[in-house]
file run_29.tsv (TSV, N, CA and C atoms)
chain	number	residue	atom	x	y	z
A	6	MET	N	-24.94	59.42	-19.45
A	6	MET	CA	-24.82	59.22	-18.04
A	6	MET	C	-23.66	58.25	-17.77
A	7	PRO	N	-22.61	58.67	-17.07
A	7	PRO	CA	-21.45	57.81	-16.83
A	7	PRO	C	-21.76	56.74	-15.78
A	8	GLN	N	-21.17	55.56	-16.00
A	8	GLN	CA	-21.38	54.47	-15.05
A	8	GLN	C	-20.33	54.54	-13.95
A	9	ASP	N	-20.71	53.99	-12.83
A	9	ASP	CA	-19.81	53.91	-11.69
A	9	ASP	C	-18.69	52.93	-12.03
A	10	PRO	N	-17.42	53.23	-11.78
A	10	PRO	CA	-16.32	52.33	-12.14
A	10	PRO	C	-16.36	50.98	-11.39
A	11	THR	N	-17.02	50.94	-10.25
A	11	THR	CA	-17.08	49.67	-9.52
A	11	THR	C	-18.05	48.70	-10.16
A	12	GLU	N	-18.99	49.19	-10.96
A	12	GLU	CA	-19.96	48.31	-11.61
A	12	GLU	C	-19.44	47.76	-12.94
A	13	ARG	N	-18.42	48.32	-13.43
A	13	ARG	CA	-17.90	47.92	-14.72
A	13	ARG	C	-17.15	46.59	-14.60
A	14	ARG	N	-17.38	45.67	-15.50
A	14	ARG	CA	-16.73	44.35	-15.49
A	14	ARG	C	-15.60	44.36	-16.49
A	15	VAL	N	-14.51	43.75	-16.10
A	15	VAL	CA	-13.35	43.67	-16.96
A	15	VAL	C	-12.98	42.20	-17.12
A	16	THR	N	-12.79	41.80	-18.34
A	16	THR	CA	-12.37	40.44	-18.62
A	16	THR	C	-10.89	40.46	-18.97
A	17	VAL	N	-10.14	39.64	-18.24
A	17	VAL	CA	-8.71	39.57	-18.48
A	17	VAL	C	-8.41	38.22	-19.10
A	18	THR	N	-7.74	38.25	-20.23
A	18	THR	CA	-7.36	37.00	-20.87
A	18	THR	C	-5.86	36.93	-20.96
A	19	GLY	N	-5.37	35.74	-21.02
A	19	GLY	CA	-3.93	35.56	-21.11
A	19	GLY	C	-3.64	34.12	-21.48
A	20	PRO	N	-2.40	33.82	-21.56
A	20	PRO	CA	-2.06	32.42	-21.90
A	20	PRO	C	-2.48	31.50	-20.76
A	21	PRO	N	-2.88	30.29	-21.09
A	21	PRO	CA	-3.28	29.37	-20.04
A	21	PRO	C	-2.10	29.04	-19.12
A	22	ARG	N	-2.39	28.89	-17.85
A	22	ARG	CA	-1.33	28.61	-16.89
A	22	ARG	C	-0.77	27.21	-17.07
A	23	ARG	N	-1.64	26.27	-17.34
A	23	ARG	CA	-1.19	24.89	-17.55
A	23	ARG	C	-1.33	24.56	-19.02
A	24	THR	N	-0.30	24.04	-19.54
A	24	THR	CA	-0.37	23.60	-20.92
A	24	THR	C	-0.29	22.09	-20.93
A	25	ARG	N	-0.98	21.50	-21.83
A	25	ARG	CA	-0.95	20.04	-21.94
A	25	ARG	C	0.38	19.62	-22.53
A	26	ARG	N	0.85	18.51	-22.05
A	26	ARG	CA	2.10	17.98	-22.57
A	26	ARG	C	1.84	17.33	-23.92
A	27	ALA	N	2.89	16.96	-24.55
A	27	ALA	CA	2.77	16.29	-25.84
A	27	ALA	C	1.97	15.00	-25.67
A	28	SER	N	1.40	14.53	-26.73
A	28	SER	CA	0.54	13.36	-26.65
A	28	SER	C	1.31	12.13	-26.20
A	29	GLY	N	2.63	12.15	-26.27
A	29	GLY	CA	3.43	11.03	-25.84
A	29	GLY	C	3.61	10.97	-24.33
A	30	TYR	N	3.17	12.01	-23.62
A	30	TYR	CA	3.31	12.04	-22.17
A	30	TYR	C	2.42	10.99	-21.55
A	31	TYR	N	2.94	10.31	-20.59
A	31	TYR	CA	2.28	9.15	-20.03
A	31	TYR	C	2.05	9.37	-18.55
A	32	ARG	N	0.80	9.29	-18.09
A	32	ARG	CA	0.46	9.52	-16.70
A	32	ARG	C	-0.22	8.30	-16.11
A	33	PRO	N	0.50	7.49	-15.35
A	33	PRO	CA	-0.11	6.30	-14.77
A	33	PRO	C	-1.24	6.62	-13.80
A	34	ARG	N	-1.14	7.74	-13.09
A	34	ARG	CA	-2.19	8.09	-12.14
A	34	ARG	C	-3.52	8.33	-12.86
A	35	THR	N	-3.46	8.95	-14.03
A	35	THR	CA	-4.67	9.16	-14.82
A	35	THR	C	-5.24	7.83	-15.28
A	36	GLU	N	-4.37	6.92	-15.66
A	36	GLU	CA	-4.83	5.60	-16.08
A	36	GLU	C	-5.59	4.91	-14.95
A	37	ILE	N	-5.12	5.06	-13.73
A	37	ILE	CA	-5.78	4.45	-12.58
A	37	ILE	C	-7.10	5.14	-12.30
A	38	ASP	N	-7.09	6.49	-12.32
A	38	ASP	CA	-8.32	7.24	-12.04
A	38	ASP	C	-9.41	6.95	-13.06
A	39	GLU	N	-9.02	6.80	-14.31
A	39	GLU	CA	-10.00	6.55	-15.36
A	39	GLU	C	-10.36	5.08	-15.49
A	40	GLN	N	-9.74	4.24	-14.68
A	40	GLN	CA	-10.00	2.80	-14.65
A	40	GLN	C	-9.83	2.14	-16.02
A	41	THR	N	-8.74	2.47	-16.65
A	41	THR	CA	-8.43	1.84	-17.93
A	41	THR	C	-7.81	0.48	-17.66
A	42	THR	N	-7.57	-0.25	-18.71
A	42	THR	CA	-6.97	-1.57	-18.58
A	42	THR	C	-5.57	-1.47	-17.97
A	43	LEU	N	-4.82	-0.46	-18.40
A	43	LEU	CA	-3.49	-0.27	-17.84
A	43	LEU	C	-3.55	0.10	-16.36
A	44	GLY	N	-4.48	0.97	-16.00
A	44	GLY	CA	-4.67	1.33	-14.59
A	44	GLY	C	-5.06	0.12	-13.76
A	45	HIS	N	-5.92	-0.71	-14.32
A	45	HIS	CA	-6.32	-1.94	-13.63
A	45	HIS	C	-5.10	-2.84	-13.42
A	46	THR	N	-4.22	-2.89	-14.38
A	46	THR	CA	-3.01	-3.70	-14.27
A	46	THR	C	-2.11	-3.18	-13.16
A	47	TYR	N	-1.97	-1.86	-13.04
A	47	TYR	CA	-1.18	-1.28	-11.96
A	47	TYR	C	-1.74	-1.67	-10.60
A	48	VAL	N	-3.03	-1.47	-10.42
A	48	VAL	CA	-3.65	-1.77	-9.14
A	48	VAL	C	-3.57	-3.27	-8.84
A	49	ARG	N	-3.75	-4.06	-9.86
A	49	ARG	CA	-3.68	-5.52	-9.67
A	49	ARG	C	-2.27	-5.95	-9.25
A	50	SER	N	-1.25	-5.29	-9.79
A	50	SER	CA	0.12	-5.64	-9.39
A	50	SER	C	0.36	-5.29	-7.92
A	51	LEU	N	-0.20	-4.18	-7.45
A	51	LEU	CA	-0.08	-3.84	-6.04
A	51	LEU	C	-0.80	-4.87	-5.18
A	52	MET	N	-2.00	-5.24	-5.60
A	52	MET	CA	-2.76	-6.23	-4.84
A	52	MET	C	-2.03	-7.58	-4.81
A	53	ARG	N	-1.42	-7.95	-5.92
A	53	ARG	CA	-0.68	-9.22	-5.97
A	53	ARG	C	0.52	-9.20	-5.04
A	54	SER	N	1.24	-8.09	-5.01
A	54	SER	CA	2.42	-8.02	-4.13
A	54	SER	C	1.99	-8.03	-2.66
A	55	GLN	N	0.87	-7.37	-2.34
A	55	GLN	CA	0.37	-7.40	-0.97
A	55	GLN	C	-0.11	-8.80	-0.60
A	56	LEU	N	-0.73	-9.49	-1.54
A	56	LEU	CA	-1.19	-10.86	-1.29
A	56	LEU	C	0.00	-11.78	-1.05
A	57	ARG	N	1.06	-11.63	-1.85
A	57	ARG	CA	2.25	-12.45	-1.65
A	57	ARG	C	2.84	-12.25	-0.26
A	58	ALA	N	2.89	-11.00	0.18
A	58	ALA	CA	3.42	-10.73	1.52
A	58	ALA	C	2.53	-11.35	2.59
A	59	GLY	N	1.23	-11.23	2.42
A	59	GLY	CA	0.30	-11.82	3.39
A	59	GLY	C	0.38	-13.33	3.43
A	60	LEU	N	0.48	-13.96	2.27
A	60	LEU	CA	0.59	-15.41	2.24
A	60	LEU	C	1.91	-15.89	2.82
A	61	ALA	N	2.98	-15.15	2.60
A	61	ALA	CA	4.27	-15.52	3.19
A	61	ALA	C	4.20	-15.43	4.72
A	62	ALA	N	3.59	-14.35	5.23
A	62	ALA	CA	3.45	-14.21	6.68
A	62	ALA	C	2.56	-15.32	7.25
A	63	PHE	N	1.50	-15.66	6.53
A	63	PHE	CA	0.60	-16.72	6.98
A	63	PHE	C	1.31	-18.08	6.98
A	64	ALA	N	2.15	-18.33	5.98
A	64	ALA	CA	2.89	-19.59	5.92
A	64	ALA	C	3.87	-19.71	7.09
A	65	VAL	N	4.57	-18.62	7.39
A	65	VAL	CA	5.50	-18.65	8.52
A	65	VAL	C	4.73	-18.83	9.82
A	66	LEU	N	3.60	-18.17	9.95
A	66	LEU	CA	2.76	-18.34	11.13
A	66	LEU	C	2.33	-19.80	11.27
A	67	GLY	N	1.92	-20.40	10.17
A	67	GLY	CA	1.52	-21.80	10.19
A	67	GLY	C	2.66	-22.71	10.60
A	68	LEU	N	3.88	-22.41	10.11
A	68	LEU	CA	5.03	-23.22	10.48
A	68	LEU	C	5.40	-23.05	11.95
A	69	LEU	N	5.10	-21.89	12.52
A	69	LEU	CA	5.38	-21.67	13.93
A	69	LEU	C	4.35	-22.34	14.85
A	70	VAL	N	3.09	-22.26	14.46
A	70	VAL	CA	2.01	-22.68	15.35
A	70	VAL	C	1.56	-24.12	15.12
A	71	ALA	N	1.55	-24.59	13.90
A	71	ALA	CA	1.01	-25.92	13.58
A	71	ALA	C	1.72	-27.06	14.31
A	72	PRO	N	3.04	-27.04	14.45
A	72	PRO	CA	3.68	-28.18	15.12
A	72	PRO	C	3.54	-28.17	16.65
A	73	LEU	N	3.01	-27.11	17.21
A	73	LEU	CA	2.93	-27.04	18.68
A	73	LEU	C	2.08	-28.15	19.29
A	74	PRO	N	0.90	-28.49	18.77
A	74	PRO	CA	0.16	-29.59	19.37
A	74	PRO	C	0.93	-30.91	19.33
A	75	LEU	N	1.68	-31.15	18.26
A	75	LEU	CA	2.49	-32.36	18.19
A	75	LEU	C	3.60	-32.33	19.23
A	76	LEU	N	4.21	-31.18	19.41
A	76	LEU	CA	5.25	-31.03	20.43
A	76	LEU	C	4.68	-31.28	21.81
A	77	PHE	N	3.51	-30.72	22.09
A	77	PHE	CA	2.90	-30.88	23.40
A	77	PHE	C	2.45	-32.32	23.63
A	78	ALA	N	2.02	-33.00	22.58
A	78	ALA	CA	1.60	-34.41	22.71
A	78	ALA	C	2.81	-35.31	22.92
A	79	ALA	N	3.96	-34.95	22.36
A	79	ALA	CA	5.16	-35.77	22.49
A	79	ALA	C	5.73	-35.71	23.90
A	80	VAL	N	5.47	-34.61	24.62
A	80	VAL	CA	5.98	-34.45	25.98
A	80	VAL	C	4.78	-34.45	26.92
A	81	PRO	N	4.31	-35.63	27.35
A	81	PRO	CA	3.13	-35.67	28.21
A	81	PRO	C	3.45	-35.15	29.62
A	82	GLY	N	2.46	-34.50	30.20
A	82	GLY	CA	2.59	-34.03	31.57
A	82	GLY	C	3.48	-32.81	31.74
A	83	ALA	N	3.78	-32.10	30.70
A	83	ALA	CA	4.67	-30.93	30.80
A	83	ALA	C	3.85	-29.66	30.61
A	84	ARG	N	2.97	-29.41	31.57
A	84	ARG	CA	2.12	-28.21	31.48
A	84	ARG	C	2.95	-26.92	31.51
A	85	ARG	N	3.98	-26.92	32.30
A	85	ARG	CA	4.81	-25.71	32.39
A	85	ARG	C	5.52	-25.44	31.07
A	86	LEU	N	5.91	-26.49	30.37
A	86	LEU	CA	6.54	-26.32	29.05
A	86	LEU	C	5.55	-25.68	28.08
A	87	GLU	N	4.30	-26.14	28.12
A	87	GLU	CA	3.28	-25.57	27.22
A	87	GLU	C	3.11	-24.08	27.48
A	88	TRP	N	2.98	-23.70	28.73
A	88	TRP	CA	2.79	-22.29	29.05
A	88	TRP	C	4.02	-21.47	28.72
A	89	ALA	N	5.18	-22.03	28.93
A	89	ALA	CA	6.42	-21.30	28.61
A	89	ALA	C	6.54	-21.08	27.11
A	90	VAL	N	6.24	-22.12	26.34
A	90	VAL	CA	6.33	-21.97	24.88
A	90	VAL	C	5.28	-21.00	24.38
A	91	LEU	N	4.04	-21.14	24.85
A	91	LEU	CA	2.96	-20.25	24.39
A	91	LEU	C	3.14	-18.83	24.89
A	92	GLY	N	3.59	-18.68	26.11
A	92	GLY	CA	3.69	-17.35	26.71
A	92	GLY	C	4.92	-16.58	26.32
A	93	PHE	N	6.05	-17.27	26.21
A	93	PHE	CA	7.31	-16.57	25.97
A	93	PHE	C	7.95	-16.94	24.63
A	94	GLY	N	7.94	-18.20	24.31
A	94	GLY	CA	8.64	-18.66	23.12
A	94	GLY	C	7.97	-18.26	21.82
A	95	LEU	N	6.67	-18.07	21.85
A	95	LEU	CA	5.94	-17.76	20.63
A	95	LEU	C	5.71	-16.26	20.44
A	96	TYR	N	5.75	-15.51	21.52
A	96	TYR	CA	5.43	-14.09	21.45
A	96	TYR	C	6.45	-13.30	20.61
A	97	ALA	N	7.72	-13.50	20.87
A	97	ALA	CA	8.75	-12.74	20.14
A	97	ALA	C	8.73	-13.03	18.64
A	98	PRO	N	8.65	-14.31	18.21
A	98	PRO	CA	8.58	-14.54	16.76
A	98	PRO	C	7.33	-13.94	16.11
A	99	LEU	N	6.21	-13.93	16.83
A	99	LEU	CA	4.99	-13.34	16.27
A	99	LEU	C	5.14	-11.83	16.11
A	100	VAL	N	5.76	-11.18	17.07
A	100	VAL	CA	5.99	-9.73	16.97
A	100	VAL	C	6.93	-9.43	15.81
A	101	LEU	N	7.98	-10.22	15.66
A	101	LEU	CA	8.92	-10.01	14.55
A	101	LEU	C	8.24	-10.26	13.20
A	102	LEU	N	7.40	-11.28	13.15
A	102	LEU	CA	6.67	-11.56	11.91
A	102	LEU	C	5.72	-10.42	11.56
A	103	ALA	N	5.01	-9.91	12.55
A	103	ALA	CA	4.10	-8.78	12.31
A	103	ALA	C	4.87	-7.55	11.85
A	104	ARG	N	6.01	-7.32	12.47
A	104	ARG	CA	6.82	-6.17	12.09
A	104	ARG	C	7.32	-6.31	10.65
A	105	TRP	N	7.77	-7.51	10.28
A	105	TRP	CA	8.21	-7.76	8.91
A	105	TRP	C	7.08	-7.51	7.92
A	106	TYR	N	5.89	-8.01	8.25
A	106	TYR	CA	4.77	-7.86	7.33
A	106	TYR	C	4.40	-6.39	7.13
A	107	VAL	N	4.34	-5.63	8.19
A	107	VAL	CA	3.99	-4.21	8.07
A	107	VAL	C	5.04	-3.46	7.24
A	108	ARG	N	6.30	-3.75	7.48
A	108	ARG	CA	7.36	-3.08	6.70
A	108	ARG	C	7.27	-3.46	5.23
A	109	ARG	N	7.00	-4.73	4.96
A	109	ARG	CA	6.88	-5.20	3.58
A	109	ARG	C	5.69	-4.53	2.88
A	110	ALA	N	4.55	-4.47	3.58
A	110	ALA	CA	3.36	-3.86	2.98
A	110	ALA	C	3.59	-2.37	2.71
A	111	GLU	N	4.22	-1.68	3.65
A	111	GLU	CA	4.52	-0.26	3.43
A	111	GLU	C	5.50	-0.06	2.28
A	112	ARG	N	6.48	-0.96	2.16
A	112	ARG	CA	7.42	-0.85	1.05
A	112	ARG	C	6.74	-1.08	-0.28
A	113	ASN	N	5.81	-2.06	-0.33
A	113	ASN	CA	5.05	-2.30	-1.55
A	113	ASN	C	4.25	-1.06	-1.95
A	114	GLU	N	3.61	-0.43	-0.97
A	114	GLU	CA	2.82	0.76	-1.26
A	114	GLU	C	3.72	1.93	-1.69
A	115	ARG	N	4.86	2.07	-1.04
A	115	ARG	CA	5.80	3.14	-1.42
A	115	ARG	C	6.30	2.95	-2.84
A	116	ASP	N	6.62	1.71	-3.19
A	116	ASP	CA	7.06	1.42	-4.56
A	116	ASP	C	5.96	1.71	-5.57
A	117	PHE	N	4.73	1.39	-5.20
A	117	PHE	CA	3.60	1.65	-6.10
A	117	PHE	C	3.40	3.14	-6.31
A	118	VAL	N	3.47	3.91	-5.23
A	118	VAL	CA	3.30	5.36	-5.34
A	118	VAL	C	4.43	5.95	-6.18
A	119	ARG	N	5.65	5.48	-5.98
A	119	ARG	CA	6.78	5.96	-6.77
A	119	ARG	C	6.57	5.64	-8.26
A	120	LEU	N	5.94	4.50	-8.53
A	120	LEU	CA	5.71	4.10	-9.91
A	120	LEU	C	4.69	5.00	-10.59
A	121	VAL	N	3.63	5.36	-9.88
A	121	VAL	CA	2.53	6.07	-10.53
A	121	VAL	C	2.54	7.57	-10.33
A	122	GLU	N	3.39	8.09	-9.46
A	122	GLU	CA	3.35	9.54	-9.25
A	122	GLU	C	3.94	10.26	-10.44
A	123	ASP	N	3.50	11.49	-10.61
A	123	ASP	CA	3.97	12.31	-11.73
A	123	ASP	C	5.44	12.64	-11.54
A	124	ARG	N	6.15	12.61	-12.61
A	124	ARG	CA	7.59	12.91	-12.55
A	124	ARG	C	7.84	14.35	-12.88
call {"tool": "encode", "arguments": {"input": "run_29.tsv", "output": "C-alpha cells"}}
result
Amino acid sequence: MPQDPTERRVTVTGPPRRTRRASGYYRPRTEIDEQTTLGHTYVRSLMRSQLRAGLAAFAVLGLLVAPLPLLFAAVPGARRLEWAVLGFGLYAPLVLLARWYVRRAERNERDFVRLVEDR
C-alpha cells in the first residue's frame, strides 16, 4: 500500500551554517554574558569611567554652588543680587554642566560598546 507523499518526512543534512572560530578567537561580549573575571573587569571599567564623570560633574557643581552663601553674606541687603545670581547666573552653567555630563556618559558607553562588540 503506497503512502501519501505529503505524509513522508524528509531529513535534509548539510554543512553547519555557523562554524566556530579557532580557539584563539576572543569574544568580550561572551565574557560579559558568562560573567567571567574578564567580563567583570570590562563592566567594572565602564562603571569606573561613569563614576569619574559623575564625580567631576559633582565637583564642578559644588564649586559653583558652595561659595554662593558666602557671596550673599558678604553683600548684605542685596536681595536683587541673590535672585539675579540664582535665577540667571547659575542656570546657564548648570545647563552646560548637564550637557557635558550627558555627552561624556554617552561617549563612555559608545567606547565600551566598540570595545566589546564583535569584529
call {"tool": "axis_aligned_box", "arguments": {"input": "run_29.tsv", "around": "range 59-64 of chain A", "padding_each_side": "3 Å", "output": "JSON"}}
result
{"center_x": 2.3, "center_y": -15.5, "center_z": 4.7, "size_x": 10.0, "size_y": 14.5, "size_z": 11.0}
call {"tool": "closest_residue", "arguments": {"input": "run_29.tsv", "among": "A:Arg49, A:Val17, A:Gly82, A:Val65", "to": "Leu102 in chain A", "atoms": "only N, CA and C atoms"}}
result
A:Val65
call {"tool": "atom_distance", "arguments": {"input": "run_29.tsv", "atom1": "CA of Leu101 in chain A", "atom2": "CA of Leu51 in chain A"}}
result
23.3 Å
call {"tool": "closest_residue", "arguments": {"input": "run_29.tsv", "among": "A:Val90, A:Ala110, A:Leu69, A:Ile37", "to": "Ser54 in chain A", "atoms": "only N, CA and C atoms"}}
result
A:Ala110
call {"tool": "residues_around", "arguments": {"input": "run_29.tsv", "residues": "Val70 in chain A", "least_positions_apart": "5", "cutoff": "10 Å", "atoms": "only C-alpha atoms", "output": "ChimeraX atom specification"}}
result
/A:64-65,91,95,99
call {"tool": "atom_distance", "arguments": {"input": "run_29.tsv", "atom1": "atom N of Glu122 in chain A", "atom2": "atom N of Arg32 in chain A"}}
result
9.1 Å
call {"tool": "closest_residue", "arguments": {"input": "run_29.tsv", "among": "A:Leu76, A:Ser50, A:Gly59, A:Gln40", "to": "Val107 in chain A", "atoms": "only C-alpha atoms"}}
result
A:Gly59
call {"tool": "atom_distance", "arguments": {"input": "run_29.tsv", "atom1": "CA of Tyr47 in chain A", "atom2": "CA of Arg112 in chain A"}}
result
15.6 Å
call {"tool": "closest_residue", "arguments": {"input": "run_29.tsv", "among": "A:Gln55, A:Thr46, A:Thr35, A:Thr18", "to": "Arg109 in chain A", "atoms": "all atoms listed in the file"}}
result
A:Gln55
call {"tool": "select_by_dssp", "arguments": {"input": "run_29.tsv", "residues": "range 20-112 of chain A", "states": "alpha helix (DSSP H)", "output": "MDAnalysis selection string"}}
result
chainID A and resid 33:38 42:70 73:79 84:89 96:112
